[in-house]
Amino acid sequence: MQLIKNIMKKLIFILFIGLGTIGYGQEIIPFPDLSENHHAVYNDAETIDNLNYALYTEDYQKDLQKIDREIDEVNIDLQNELIEERLTDLRNKKADLLKKKASLLEEAELIEDLNKFY
């Protein structure tokens, strides 16, 4: 009986200490991914929040920003347009702009990769 009391006291003590340390545990905070912005910091380039073109050369940055502005304009026109034929034309224009942007991004990434090796 005495042995069981000692074991129970030790278990309660361990449980009490274990529950007390739960609140003081170390919180793991992941280190932020800075890989996208380190080129911009070293080159004093302006970074764009959602569309970070700072990794590319200035020509590609300007072209990609221009395409983004055009896409935004087409989106505004799509919201305001009521004529079905005009809506179809605007959707086609937006699809063409998105294709152009995708090909320009691929080209810019390829140039960036080539610059890394040379």
# chains A, B, ... in the order shown; residues from 1 in each chain; ligands from 1

$ residues_around --residues "Glu112 of chain A" --least-positions-apart "4" --cutoff "9 Å" --atoms "only C-alpha atoms" --output "list in words"
Leu55, Tyr56, Thr57, Glu107, Ala108 and Lys116 of chain A

$ residues_around --residues "Leu105 of chain A" --least-positions-apart "3" --cutoff "10 Å" --atoms "only C-alpha atoms" --output "list of chain:residue names"
A:Tyr53, A:Tyr56, A:Tyr60, A:Gln61, A:Asp63, A:Leu64, A:Lys99, A:Lys100, A:Lys101, A:Ala102, A:Ala108, A:Glu109, A:Leu110, A:Ile111

$ closest_residue --among "A:Lys10, A:Asp77, A:Lys5, A:Leu104" --to "Gln65 of chain A" --atoms "only C-alpha atoms"
A:Leu104

$ closest_residue --among "A:Asp113, A:Leu11, A:Gln2, A:Asn75" --to "Leu97 of chain A" --atoms "only C-alpha atoms"
A:Asn75

$ atom_distance --atom1 "atom CA of Ala95 of chain A" --atom2 "atom CA of Asp59 of chain A"
22.5 Å

$ residues_around --residues "segment 87-93 of chain A" --least-positions-apart "6" --cutoff "7 Å" --atoms "only C-alpha atoms" --output "PDB file with C-alpha atoms, in the first residue's frame"
ATOM      1  CA  VAL A  74      -9.474  45.231 -69.509  1.00  0.00           C
ATOM      2  CA  LEU A  78     -15.269  43.842 -68.525  1.00  0.00           C
ATOM      3  CA  GLU A  81     -19.582  46.312 -70.401  1.00  0.00           C
TER       4      GLU A  81
END

$ closest_residue --among "A:Ser103, A:Lys94, A:Lys9, A:Ile17" --to "Arg69 of chain A" --atoms "only C-alpha atoms"
A:Lys94

$ atom_distance --atom1 "atom CA of Phe16 of chain A" --atom2 "atom CA of Met1 of chain A"
22.4 Å

$ atom_distance --atom1 "atom CA of Asn80 of chain A" --atom2 "atom CA of Lys66 of chain A"
21.5 Å
